[in-house]
2 protein chains.
Amino acid sequence: MPELRVHNLTISLDGYAAGPGQSTHDPMGAGGERLHEWALRTRAGQEQFFGRCGGEDGIDDALWRRGDEGIGATIMGRNMFGPVRGPWPDESWTGWWGDEPPYHHPVFVLTHHARPPLAMEGGTVFHFVTDGIEAALERAFDAAGGDDVRLGGGPATVQAYLRAGLVDELHVAITPILLGGGERLFDGIGPGLGYECVELVTSPSVVHARFRKVAPSGPPITIP
Amino acid sequence: MPELRVHNLTISLDGYAAGPGQSTHDPMGAGGERLHEWALRTRAGQEQFFGRCGGEDGIDDALWRRGDEGIGATIMGRNMFGPVRGPWPDESWTGWWGDEPPYHHPVFVLTHHARPPLAMEGGTVFHFVTDGIEAALERAFDAAGGDDVRLGGGPATVQAYLRAGLVDELHVAITPILLGGGERLFDGIGPGLGYECVELVTSPSVVHARFRKVAPSGPPITIP
């Protein structure tokens, strides 16, 4: 059965997915860009973010790539799509990613404010969903045509899907830095949700923990 | 120069060093005992906690043992010494560890309530320090006679020493479980304190991150 998967969601050792003082001008917060240095260093990251060859092979690269494998649609929160808040003033904002976003498939953006779909170059179409996370998930599964759906972020969106028990797989990367404040990924995400760590590996610079949902009311999470 | 070191301080993936609902009857909080399963499984843990041979060798065992190497005195918070709060009603509480605690050296217990020193079997002497963390550290360094001092816990005590910039080395173990609530280790411990991750390794069940203090107002923490 197709699954809802989260990949490469990076947090600091003190648990923050974004640093303190987030704003439209500083969407990652103070120090937040350091969370993502590991991804930029990978071969896949060099290709994807800078369009160049080079970069590091290894665990980090393999896991970064895994986030795109078998994915037919993406869901994201509105803040991940852009800095605009409230009703859309116009349709000029088309995402952070330029004319050809790296999705190449339908992307469902959670928002309270309707907007017509937005077709970009390379196959990415942004759909704006105003009727909640379940509706977005249903539409994404339909659009993915049997493939999995990737849940992009930000942290609040991932939390909403985790609390609703809708995430099948959660891959968290932990960079060993302290941000001291910001937006936490795990806030009130308790053991009752039934996520179990099924893989724990580290490169020299980042830890990868992969969780699977075992059962909505399953046994307590145990160390593998 | 002798150092102040923290070892084997274990937190969950959501950052808790103890689970929710801590009480005198449940000092680790709900699920908190699962944080320490990794240590109990090691060869050193089997010896230390159950007095028996067996258990697992490997990274976890080596790092657990490292916590005792070159240590001449220990500092701990009162809650780690016992469940008694407020003035000591009498001197009957002598710690969680029976007649022969596993320290075998002077232990300085931070408290607001004076009490005479308490000599146990095997060389452990508990000293009750009422004049603050710096005073306790000074006494511990004196008592250690040139060896390092270990800072035991709990989390609030470690936080106090981190904020004061007095910890030289911090080894955190992360178990990939979610506790959903409890007592966080890293709360307001920001990058300005100058701790840098110098080692990141994982066993199949627990991640070890070792931090060193680089400078009180040093460069930003960087991924090694």
# chains A, B, ... in the order shown; residues from 1 in each chain; ligands from 1
>>> interface_residues(of="chain B", to="chain A", cutoff="10 Å", atoms="only C-alpha atoms", output="PyMOL selection string")
chain B and resi 13-16+31+34-35+37-38+172+174-181+184-211+220-224
>>> select_by_dssp(residues="region 18-223 of chain B", states="strand (DSSP E)", output="MDAnalysis selection string")
chainID B and resid 18 71:77 106:110 118:119 125:129 148:151 169:175 183:184 195:202 207:213
>>> write_last_selection(atoms="N, CA and C atoms", output="tab-separated table (two decimals), in the first residue's frame")
chain	number	residue	atom	x	y	z
B	18	ALA	N	14.60	12.52	31.48
B	18	ALA	CA	13.69	11.78	32.36
B	18	ALA	C	12.30	11.92	31.75
B	71	ILE	N	38.88	9.64	37.01
B	71	ILE	CA	37.98	10.45	37.84
B	71	ILE	C	38.36	10.29	39.32
B	72	GLY	N	38.53	11.41	40.00
B	72	GLY	CA	38.91	11.36	41.40
B	72	GLY	C	37.84	11.86	42.36
B	73	ALA	N	36.78	12.46	41.83
B	73	ALA	CA	35.68	12.93	42.68
B	73	ALA	C	34.45	13.13	41.79
B	74	THR	N	33.28	13.14	42.42
B	74	THR	CA	32.01	13.30	41.69
B	74	THR	C	31.19	14.41	42.33
B	75	ILE	N	30.47	15.13	41.46
B	75	ILE	CA	29.49	16.11	41.95
B	75	ILE	C	28.12	15.66	41.47
B	76	MET	N	27.11	15.77	42.32
B	76	MET	CA	25.75	15.46	41.86
B	76	MET	C	24.74	16.39	42.53
B	77	GLY	N	23.60	16.53	41.89
B	77	GLY	CA	22.49	17.26	42.48
B	77	GLY	C	21.84	16.44	43.57
B	106	PRO	N	35.44	10.70	46.90
B	106	PRO	CA	34.56	11.73	47.48
B	106	PRO	C	33.47	12.16	46.50
B	107	VAL	N	32.25	12.28	47.01
B	107	VAL	CA	31.11	12.71	46.20
B	107	VAL	C	30.51	13.96	46.85
B	108	PHE	N	30.36	15.02	46.06
B	108	PHE	CA	29.85	16.28	46.58
B	108	PHE	C	28.41	16.47	46.12
B	109	VAL	N	27.50	16.51	47.10
B	109	VAL	CA	26.07	16.59	46.82
B	109	VAL	C	25.61	18.03	47.03
B	110	LEU	N	25.06	18.63	45.96
B	110	LEU	CA	24.58	20.01	46.05
B	110	LEU	C	23.24	20.04	46.78
B	118	LEU	N	29.24	11.78	55.12
B	118	LEU	CA	28.73	10.43	55.32
B	118	LEU	C	29.71	9.46	54.64
B	119	ALA	N	30.45	8.71	55.47
B	119	ALA	CA	31.44	7.77	54.92
B	119	ALA	C	30.79	6.41	54.72
B	125	VAL	N	32.73	8.82	50.14
B	125	VAL	CA	32.31	9.73	51.21
B	125	VAL	C	31.42	10.80	50.60
B	126	PHE	N	30.18	10.90	51.07
B	126	PHE	CA	29.28	11.95	50.58
B	126	PHE	C	29.49	13.22	51.41
B	127	HIS	N	29.77	14.33	50.69
B	127	HIS	CA	29.89	15.63	51.33
B	127	HIS	C	28.72	16.49	50.84
B	128	PHE	N	28.08	17.20	51.76
B	128	PHE	CA	26.91	17.98	51.40
B	128	PHE	C	27.30	19.45	51.32
B	129	VAL	N	27.16	20.01	50.12
B	129	VAL	CA	27.68	21.35	49.86
B	129	VAL	C	26.51	22.32	49.76
B	148	ASP	N	40.48	14.14	37.26
B	148	ASP	CA	39.31	14.89	36.81
B	148	ASP	C	38.14	14.71	37.78
B	149	VAL	N	37.15	15.59	37.62
B	149	VAL	CA	35.92	15.50	38.40
B	149	VAL	C	34.78	15.14	37.46
B	150	ARG	N	33.96	14.22	37.89
B	150	ARG	CA	32.80	13.84	37.10
B	150	ARG	C	31.56	14.54	37.64
B	151	LEU	N	30.78	15.11	36.71
B	151	LEU	CA	29.51	15.72	37.08
B	151	LEU	C	28.42	14.70	36.76
B	169	GLU	N	33.98	18.70	29.24
B	169	GLU	CA	33.60	17.65	28.29
B	169	GLU	C	32.20	17.15	28.63
B	170	LEU	N	31.42	16.95	27.59
B	170	LEU	CA	30.03	16.52	27.76
B	170	LEU	C	29.76	15.37	26.80
B	171	HIS	N	29.52	14.20	27.35
B	171	HIS	CA	29.18	13.05	26.52
B	171	HIS	C	27.69	12.74	26.71
B	172	VAL	N	26.96	12.90	25.61
B	172	VAL	CA	25.52	12.65	25.63
B	172	VAL	C	25.23	11.39	24.83
B	173	ALA	N	24.42	10.51	25.39
B	173	ALA	CA	23.96	9.32	24.66
B	173	ALA	C	22.49	9.57	24.29
B	174	ILE	N	22.17	9.27	23.04
B	174	ILE	CA	20.78	9.50	22.58
B	174	ILE	C	20.16	8.16	22.23
B	175	THR	N	19.11	7.79	22.96
B	175	THR	CA	18.39	6.56	22.61
B	175	THR	C	17.24	6.95	21.68
B	183	GLU	N	11.80	15.87	31.57
B	183	GLU	CA	12.80	16.89	31.88
B	183	GLU	C	13.83	16.93	30.77
B	184	ARG	N	13.90	18.07	30.08
B	184	ARG	CA	14.84	18.19	28.97
B	184	ARG	C	16.24	18.53	29.46
B	195	TYR	N	30.35	25.05	22.93
B	195	TYR	CA	30.61	23.61	22.89
B	195	TYR	C	30.60	23.11	21.45
B	196	GLU	N	31.55	22.26	21.15
B	196	GLU	CA	31.73	21.77	19.80
B	196	GLU	C	31.72	20.25	19.83
B	197	CYS	N	30.98	19.64	18.91
B	197	CYS	CA	30.94	18.19	18.85
B	197	CYS	C	32.26	17.68	18.27
B	198	VAL	N	32.95	16.83	19.01
B	198	VAL	CA	34.25	16.33	18.55
B	198	VAL	C	34.20	14.85	18.20
B	199	GLU	N	33.10	14.18	18.55
B	199	GLU	CA	32.98	12.76	18.21
B	199	GLU	C	31.50	12.41	18.10
B	200	LEU	N	31.20	11.62	17.07
B	200	LEU	CA	29.82	11.21	16.86
B	200	LEU	C	29.86	9.77	16.37
B	201	VAL	N	29.43	8.86	17.21
B	201	VAL	CA	29.43	7.44	16.83
B	201	VAL	C	28.11	6.82	17.27
B	202	THR	N	27.78	5.70	16.65
B	202	THR	CA	26.57	5.01	17.10
B	202	THR	C	26.79	3.51	17.16
B	207	VAL	N	23.17	6.48	20.12
B	207	VAL	CA	24.12	7.42	19.52
B	207	VAL	C	24.92	8.09	20.62
B	208	HIS	N	26.21	8.24	20.38
B	208	HIS	CA	27.05	8.94	21.35
B	208	HIS	C	27.61	10.20	20.71
B	209	ALA	N	27.38	11.33	21.35
B	209	ALA	CA	27.92	12.60	20.88
B	209	ALA	C	28.79	13.17	22.00
B	210	ARG	N	30.04	13.46	21.65
B	210	ARG	CA	30.96	13.98	22.66
B	210	ARG	C	31.28	15.43	22.32
B	211	PHE	N	31.04	16.31	23.27
B	211	PHE	CA	31.30	17.74	23.09
B	211	PHE	C	32.47	18.17	23.95
B	212	ARG	N	33.24	19.14	23.43
B	212	ARG	CA	34.29	19.77	24.21
B	212	ARG	C	34.03	21.27	24.21
B	213	LYS	N	34.39	21.89	25.31
B	213	LYS	CA	34.30	23.34	25.38
B	213	LYS	C	35.49	23.91	24.63
>>> select_by_dssp(residues="chain B", states="helix (DSSP H, G or I)", output="PyMOL selection string")
chain B and resi 32-41+43-50+59-66+78-81+121-123+133-144+155-163+191-193
>>> residues_around(residues="Met28 (chain B)", least_positions_apart="3", cutoff="6 Å", atoms="only C-alpha atoms", output="list of chain:residue names")
B:Ala18, B:Gly19, B:Gln22, B:Gly32
>>> write_last_selection(atoms="N, CA and C atoms", output="mmCIF file, in the first residue's frame")
data_model
loop_
_atom_site.group_PDB
_atom_site.id
_atom_site.type_symbol
_atom_site.label_atom_id
_atom_site.label_comp_id
_atom_site.auth_asym_id
_atom_site.auth_seq_id
_atom_site.Cartn_x
_atom_site.Cartn_y
_atom_site.Cartn_z
ATOM 1 N N ALA B 18 14.603 12.522 31.481
ATOM 2 C CA ALA B 18 13.688 11.783 32.361
ATOM 3 C C ALA B 18 12.299 11.922 31.750
ATOM 4 N N GLY B 19 11.455 10.930 31.985
ATOM 5 C CA GLY B 19 10.115 10.941 31.389
ATOM 6 C C GLY B 19 9.139 11.830 32.144
ATOM 7 N N GLN B 22 7.607 12.685 36.785
ATOM 8 C CA GLN B 22 8.612 12.289 37.792
ATOM 9 C C GLN B 22 8.064 12.483 39.203
ATOM 10 N N GLY B 32 11.004 6.493 31.577
ATOM 11 C CA GLY B 32 12.380 6.957 31.745
ATOM 12 C C GLY B 32 13.398 5.831 31.884
#
>>> residues_around(residues="Pro101 (chain A)", least_positions_apart="4", cutoff="10 Å", atoms="only C-alpha atoms", output="count of residues only")
11
>>> residues_around(residues="Cys53 (chain A)", least_positions_apart="5", cutoff="8 Å", atoms="only C-alpha atoms", output="list in words")
Arg43, Gln46 and Glu47 of chain A
>>> decode(residues="region 141-152 of chain B", atoms="N, CA and C atoms", output="PDB file, in the first residue's frame")
ATOM      1  N   PHE B 141      37.667  19.454  42.987  1.00  0.00           N
ATOM      2  CA  PHE B 141      39.009  19.450  42.382  1.00  0.00           C
ATOM      3  C   PHE B 141      40.071  19.205  43.459  1.00  0.00           C
ATOM      4  N   ASP B 142      39.925  19.862  44.611  1.00  0.00           N
ATOM      5  CA  ASP B 142      40.868  19.623  45.708  1.00  0.00           C
ATOM      6  C   ASP B 142      40.890  18.150  46.094  1.00  0.00           C
ATOM      7  N   ALA B 143      39.708  17.581  46.235  1.00  0.00           N
ATOM      8  CA  ALA B 143      39.604  16.190  46.706  1.00  0.00           C
ATOM      9  C   ALA B 143      40.128  15.207  45.673  1.00  0.00           C
ATOM     10  N   ALA B 144      40.017  15.576  44.386  1.00  0.00           N
ATOM     11  CA  ALA B 144      40.415  14.655  43.319  1.00  0.00           C
ATOM     12  C   ALA B 144      41.933  14.551  43.181  1.00  0.00           C
ATOM     13  N   GLY B 145      42.637  15.465  43.816  1.00  0.00           N
ATOM     14  CA  GLY B 145      44.102  15.381  43.846  1.00  0.00           C
ATOM     15  C   GLY B 145      44.764  15.299  42.482  1.00  0.00           C
ATOM     16  N   GLY B 146      44.297  16.108  41.553  1.00  0.00           N
ATOM     17  CA  GLY B 146      44.913  16.133  40.233  1.00  0.00           C
ATOM     18  C   GLY B 146      44.169  15.318  39.191  1.00  0.00           C
ATOM     19  N   ASP B 147      43.263  14.444  39.628  1.00  0.00           N
ATOM     20  CA  ASP B 147      42.416  13.732  38.663  1.00  0.00           C
ATOM     21  C   ASP B 147      41.245  14.624  38.248  1.00  0.00           C
ATOM     22  N   ASP B 148      40.483  14.141  37.258  1.00  0.00           N
ATOM     23  CA  ASP B 148      39.312  14.892  36.811  1.00  0.00           C
ATOM     24  C   ASP B 148      38.138  14.712  37.778  1.00  0.00           C
ATOM     25  N   VAL B 149      37.146  15.589  37.618  1.00  0.00           N
ATOM     26  CA  VAL B 149      35.917  15.504  38.403  1.00  0.00           C
ATOM     27  C   VAL B 149      34.777  15.143  37.459  1.00  0.00           C
ATOM     28  N   ARG B 150      33.962  14.216  37.894  1.00  0.00           N
ATOM     29  CA  ARG B 150      32.798  13.842  37.100  1.00  0.00           C
ATOM     30  C   ARG B 150      31.558  14.543  37.640  1.00  0.00           C
ATOM     31  N   LEU B 151      30.776  15.105  36.706  1.00  0.00           N
ATOM     32  CA  LEU B 151      29.505  15.720  37.076  1.00  0.00           C
ATOM     33  C   LEU B 151      28.416  14.702  36.760  1.00  0.00           C
ATOM     34  N   GLY B 152      27.744  14.246  37.836  1.00  0.00           N
ATOM     35  CA  GLY B 152      26.816  13.129  37.657  1.00  0.00           C
ATOM     36  C   GLY B 152      25.485  13.524  37.044  1.00  0.00           C
TER      37      GLY B 152
END
